[in-house]
Each structure stands twice: as structure tokens, then as C-alpha cells.
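A.B. asks: Submitted below is the structure of interest, expressed as C-alpha cells.
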Amino acid sequence: MQKNCDLLIVGCGFTGSVVARYSADMGKKVHIIERRCHIAGNMYDYVDENGFLVQKYGPHTFHTTNKELYDYILQYGEWEEYKLTCMAQIDGKFTPTPFNFQTIDDFYEKEKAAALKERIAQIYGDAEKTTIVEMLESEDALIKEYADFLFEKDYSLYTAKQWGISPKEIDVSVLKRVPVLFSYKTGYFDDPYQVMPKISFTHFFENMLDNENIKISLNTDARDIIKVKDGILYINGEKAQIPVLYTGACDELLDYKHGILPYRSLRFDLKCENTDSFQDAPVVAYPQAQGYTRITEYTKIPYQKTNGKTVVAVEYPLAYDPYKKAEPYYPILTEKNNAMYQKYRKELDNVENLYLGGRLADFKYYNMDQTLEKAIELSQKICSRF
Ligand SMILES: Cc1cc2nc3c(=O)[nH]c(=O)nc-3n(C[C@H](O)[C@H](O)[C@H](O)COP(=O)(O)OP(=O)(O)OC[C@H]3O[C@@H](n4cnc5c(N)ncnc54)[C@H](O)[C@@H]3O)c2cc1C
């Protein structure tokens, strides 16, 4: 393997593919090994038996504030503007998320709704939004009542299911990032570039990987090929002479010697429904439902013709166990877990010829634009040694 290849990459997700293309364009021979039966990592999508484009690992839309990253993706596919809208179903009613003035109208009688909006204007002035945490701490009775309503009917229930804890155990500070809007504005992100591929994410990857210097082996687990022993990297039993980019999990590469890095996993139950529209938005949170958190209607992300049928994915958060079939989705970022990760990372960072990158090896949640930015930096770092 080392004789015919300048760079070995583990994982054909966004990180591995960006680095592969960058190196291939520099004339380097790249071999990617991927244990799944497909390319594109968690961004993989495919056409199902009813002709609908479905995303296997949950709903993805590309959004960024960075024009250079947007220009990067334009090289390998056509994209169209797509602004994701989300809703929550509370007491049987659909209301926009992030919650906005429509939410107040949905759950309050006309006069009280007007009084609450007026109070918000008095207290928050021109502010466009705040966090639920700040509203929960409000000394104003009306605002506090609204915050308690949202917390009890949505945030606490959703967060408890998402992380597998009881609503009482929720540390409200984790909710700081979720805004409550002081207007009728809808839309999940504010970024100037919000797009979906015209064909599919998988097609975008096919274009990116279409280079004579790139070879891909699917259904190939790196653990059968690379090993780290006593701080030395081996490829098929021989000491590594070429760089290896590893985008898998660090604990797995070192046989979990410092423990299993904790994640939250997900299960997506796909269902074909005999209706043109199953729900009022592409992604709807169901905080009060038993077991599941969200439903994604793929015929709305991107918009696809329905003909009396649609397809939905019901999302169940699950415990993660690398020995069972569960996938690692969201790293559980506590101090203790970060300390465990640092032990792995320190050991692997000292291994000659080994490079680490991507959401798994970095034990972080990255949006696609963050993944891309880091992958470009990593490409430059790896290629500077050729
Ligand atoms: C539910 C969900 C929704 C998301 N939605 C969005 C969104 O709307 N917008 C957005 O910007 N971002 C979103 N993201 C984030 C996005 O998925 C990531 O930024 C991106 O996929 C990370 O790419 P990666 O290459 O680092 O990892 P991955 O895509 O996970 O690629 C790593 C690859 O390595 C392979 N691999 C691992 N170990 C081995 C091994 N031992 N041998 C061989 N192969 C191996 C894996 O099979 C995988 O294919 C979402 C994430 C989740 C979980």
C-alpha cells in the first residue's frame, strides 16, 4: 500500500474528501479507506424507493457567513438558496422555532398577547432577541410567565430527551445558545449563505472525489490496516513512511485504553406517509411526544414533488455504545470527558506521520462550514511536508 500511495486517509466524510482533493490536485496519490458502504460520511443522501431524496444521518443544510467557504463548495456542484424553517408542536399546535411573536399569538389571548409584546418592547428596547435563560431570570411577572411556559412545555422536555436526563437535572446554562426572537421573523439561521445542493450532497462528493489521483476503498475498516503501538504507526504491519490522516474516533484507534468517549446517538425511523404534507415545516420538534424529539420531512428539505406521498424521519435519541450498532453523533462535552479525550489526543499527537482531523478525531460538534475550514487548514499542513 505504501509503495503506490503518498497519503492514506481514513474516512470518506467531508474532512477526508477535502484533504484528498487538495492533495490530489497537487499531484499526490491518495488512498481513502472508508468502513461504510458509501462516500460522503454523515452528509450522505440517496434516492429512496419512492424517488425521494433522503439524508441517511439526519437533516443537513449548508450555511455559513464565510464567502470563501461558500466559494469552495461552488467548485463541485450547483447549489440553490434554501432557508431552513423549523417549528415546534406544543399542545397540538405548530409554532415557529426559534420562538417569535407568532408563538405569543399562538398561545395567548389577543389582549394578553398585546400586553406581553408591549412589555418586551419596554424591557428589551430594540433588542432583536434574548435567551430563554435570561427570560427565566426576568423580574417582570408577565415575561417570567412566558419563559416558564416555554421552558416547561418545550426546552426542558426536549433537552431531557435529547441528552437522556430528567427535566429536573437540566443545567439551564446549556440553553443559552437558543434564542427567543422579539419579532415575527422566521428562519433558523441568520447566515448570508444558506444553500442546498441542486442534485444531492452525495453528488457534490462524487464531483469532489473525481480525480485520477484518488482511490477509494469502501467497506474497509482502518483497524484492519493501521495500528498505533508504543507510539509508532504501522500500515499493514510495516512502519508508516507516508502521512496518514485519521478522521475516526481517537478512543477506537487506541482500543479504548483510557475509556469510551461518551456520545449521544440517534435512530432515524423512516416512514412513507400517504399525504402531500405531513407537517407545517421541514423540521418540527415534538417536545411532548414519547421517545422522539424531532421529525424531518425530507420532501421539504429540499422541496420535492410529492404526488400524494411524502417521507419523514422520526428521530429518537439513544445511548451510545461502540460495541453495538449505535453511531456516535453528539459528543457529551463535560470536563471529565474532555480530560479523557486529551489523554488520547496527547498520545496520538506524538505519533510520527499521523494527522488527526474532523468531528470524531477532534471530539467536537462542527457544522459543515467549520468542518470545511478545518479541513482546508489541515490540507495545507499535510501538503506542506511533500
Ligand atoms: C443529526 C445531524 C445533523 C447535522 N446537520 C447539519 C446541518 O444542518 N448543517 C451543518 O452545517 N452541519 C450539520 N451537521 C454536522 C455535519 O454532519 C458535520 O460537520 C460533518 O459531517 C463532519 O464531517 P467529518 O468528515 O468530520 O465526519 P463524518 O462525516 O462523520 O466522516 C467520518 C468518516 O470516517 C469514517 N470512519 C470512522 N472510523 C473509521 C474507520 N475505523 N475505518 C474507516 N472509516 C472510518 C466514518 O464511517 C465516516 O464516514 C449535522 C450533524 C448531525 C449529527
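Each chain in the C-alpha cells gets a letter, A, B and so on, in the order shown; residues start at 1 in every chain, and ligands are counted from 1 in the order they appear.
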Please extract the residues of stretch 183-288 of chain A with a backbone DSSP assignment of strand (DSSP E or B) and present them as a ChimeraX atom specification.

C.D. replies: /A:193-197,214-217,226-229,232-235,238-239,244-246,263-273,283-285

A.B. asks: Any chance you could export the current selection's N, CA and C atoms as a compact mmCIF listing (two decimals), in the first residue's frame?

C.D. replies:
# COMPACT_ATOMS: atom_id res chain seq x y z
N TYR A 193 -25.13 33.02 3.55
CA TYR A 193 -25.13 31.92 2.57
C TYR A 193 -25.84 30.72 3.21
N GLN A 194 -27.00 30.39 2.66
CA GLN A 194 -27.78 29.25 3.16
C GLN A 194 -28.26 28.50 1.93
N VAL A 195 -27.70 27.31 1.72
CA VAL A 195 -27.97 26.62 0.45
C VAL A 195 -28.15 25.12 0.64
N MET A 196 -28.74 24.52 -0.41
CA MET A 196 -28.81 23.05 -0.53
C MET A 196 -28.28 22.71 -1.92
N PRO A 197 -27.70 21.51 -2.07
CA PRO A 197 -27.23 21.13 -3.41
C PRO A 197 -28.42 20.95 -4.36
N ILE A 214 -7.11 9.92 -6.92
CA ILE A 214 -7.82 9.47 -5.70
C ILE A 214 -8.37 8.06 -5.90
N LYS A 215 -8.00 7.18 -4.98
CA LYS A 215 -8.55 5.82 -4.99
C LYS A 215 -9.35 5.64 -3.70
N ILE A 216 -10.53 5.02 -3.81
CA ILE A 216 -11.37 4.86 -2.61
C ILE A 216 -11.66 3.37 -2.38
N SER A 217 -11.45 2.90 -1.16
CA SER A 217 -11.85 1.53 -0.82
C SER A 217 -12.96 1.61 0.23
N ILE A 226 -4.40 -0.05 9.86
CA ILE A 226 -3.41 0.75 10.62
C ILE A 226 -3.47 0.41 12.12
N LYS A 227 -2.32 0.53 12.75
CA LYS A 227 -2.24 0.29 14.20
C LYS A 227 -1.27 1.30 14.79
N VAL A 228 -1.56 1.69 16.03
CA VAL A 228 -0.58 2.51 16.77
C VAL A 228 -0.12 1.65 17.94
N LYS A 229 1.19 1.37 17.96
CA LYS A 229 1.71 0.54 19.06
C LYS A 229 2.99 1.19 19.60
N ILE A 232 4.16 4.17 17.80
CA ILE A 232 4.59 4.06 16.39
C ILE A 232 3.39 3.64 15.53
N LEU A 233 3.30 4.27 14.36
CA LEU A 233 2.19 3.98 13.45
C LEU A 233 2.61 2.92 12.43
N TYR A 234 1.76 1.90 12.28
CA TYR A 234 2.04 0.83 11.32
C TYR A 234 0.93 0.78 10.28
N ILE A 235 1.34 0.53 9.03
CA ILE A 235 0.35 0.30 7.96
C ILE A 235 0.60 -1.13 7.46
N GLU A 238 3.78 -2.71 8.63
CA GLU A 238 5.07 -2.04 8.40
C GLU A 238 5.02 -0.62 8.96
N LYS A 239 6.15 -0.15 9.45
CA LYS A 239 6.20 1.20 9.99
C LYS A 239 5.77 2.21 8.91
N VAL A 244 -0.57 9.74 7.27
CA VAL A 244 -1.91 9.13 7.37
C VAL A 244 -2.82 10.15 8.04
N LEU A 245 -3.93 10.48 7.38
CA LEU A 245 -4.94 11.33 8.03
C LEU A 245 -6.03 10.43 8.57
N TYR A 246 -6.27 10.52 9.86
CA TYR A 246 -7.28 9.68 10.51
C TYR A 246 -8.46 10.57 10.93
N TYR A 263 -20.80 9.75 23.85
CA TYR A 263 -21.60 10.42 22.81
C TYR A 263 -23.07 10.19 23.07
N ARG A 264 -23.89 10.99 22.44
CA ARG A 264 -25.32 10.69 22.33
C ARG A 264 -25.53 10.18 20.91
N SER A 265 -26.31 9.13 20.82
CA SER A 265 -26.58 8.58 19.49
C SER A 265 -28.02 8.89 19.06
N LEU A 266 -28.34 8.56 17.84
CA LEU A 266 -29.69 8.81 17.30
C LEU A 266 -30.13 7.61 16.48
N ARG A 267 -31.45 7.41 16.42
CA ARG A 267 -32.01 6.44 15.47
C ARG A 267 -33.03 7.19 14.63
N PHE A 268 -33.00 6.98 13.32
CA PHE A 268 -33.97 7.64 12.44
C PHE A 268 -34.92 6.58 11.88
N ASP A 269 -36.20 6.66 12.23
CA ASP A 269 -37.18 5.73 11.65
C ASP A 269 -37.80 6.40 10.44
N LEU A 270 -37.51 5.84 9.26
CA LEU A 270 -38.05 6.44 8.03
C LEU A 270 -39.44 5.89 7.75
N LYS A 271 -40.37 6.77 7.40
CA LYS A 271 -41.74 6.32 7.11
C LYS A 271 -42.26 7.03 5.89
N CYS A 272 -42.92 6.25 5.01
CA CYS A 272 -43.59 6.88 3.87
C CYS A 272 -45.02 7.18 4.32
N GLU A 273 -45.48 8.41 4.15
CA GLU A 273 -46.85 8.78 4.56
C GLU A 273 -47.67 9.11 3.32
N VAL A 283 -38.56 20.71 9.46
CA VAL A 283 -38.11 20.08 10.71
C VAL A 283 -39.01 20.58 11.84
N VAL A 284 -39.64 19.64 12.53
CA VAL A 284 -40.53 20.02 13.64
C VAL A 284 -40.09 19.28 14.91
N ALA A 285 -39.96 20.03 15.99
CA ALA A 285 -39.66 19.44 17.30
C ALA A 285 -40.98 19.05 17.96

A.B. asks: Counting only C-alpha atoms and all ligand atoms, what are the residues, protein, DNA or RNA alike, that approach ligand 1 to within 6 Å? I want them as a ChimeraX atom specification.

C.D. replies: /A:10-16,33-36,41-43,57-63,220-223,247-248,329,358-359,366-369,371

A.B. asks: Would you give me, as JSON lines, each residue of stretch 46-142 of chain A having an atom within 9 Å of an atom of stretch 308-315 of chain A, along with its shortest atom pair and that distance in Å to one decimal, using only C-alpha atoms and sorting by chain and residue number?

C.D. replies:
{"residue": "A:Asn50", "atom": "CA", "partner": "A:Lys309", "partner_atom": "CA", "distance": 8.4}
{"residue": "A:Phe52", "atom": "CA", "partner": "A:Val311", "partner_atom": "CA", "distance": 7.4}
{"residue": "A:Val54", "atom": "CA", "partner": "A:Val311", "partner_atom": "CA", "distance": 8.1}
{"residue": "A:Gly58", "atom": "CA", "partner": "A:Ala313", "partner_atom": "CA", "distance": 7.9}

A.B. asks: The selected residues should be written to file as a PDB file, in the first residue's frame (atoms: C-alpha atoms).

C.D. replies:
ATOM      1  CA  ASN A  50     -40.412   6.317  -3.924  1.00  0.00           C
ATOM      2  CA  PHE A  52     -37.431  10.957  -2.749  1.00  0.00           C
ATOM      3  CA  VAL A  54     -33.382  11.260   1.809  1.00  0.00           C
ATOM      4  CA  GLY A  58     -30.292  13.444   9.717  1.00  0.00           C
TER       5      GLY A  58
END

A.B. asks: As a count of residues only, please: all residues of stretch 130-366 of chain A that backbone DSSP puts in helix (DSSP H, G or I).

C.D. replies: 72

A.B. asks: In Å, with one decimal, what is the gap from atom CA of A:Pro287 to atom CA of A:Leu157?

C.D. replies: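 Result for atom CA of A:Pro287 versus atom CA of A:Leu157: 5.5 Å, one decimal.
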
A.B. asks: Can you tell me which residues surround A:Thr159 at a distance of at most 12 Å, considering only C-alpha atoms, apart from same-chain residues fewer than 2 positions away, and format the answer as an NGL selection string?

C.D. replies: :A and (151-157 or 161-175 or 178 or 285-288 or 291-294 or 317)

A.B. asks: Choose the residue, out of A:Ile132, A:Ile295, A:Ala326, A:Ala281, that has the smallest atom-to-atom separation from A:Lys144; count only C-alpha atoms.

C.D. replies: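 Closest residue, counting only C-alpha atoms: A:Ile132.
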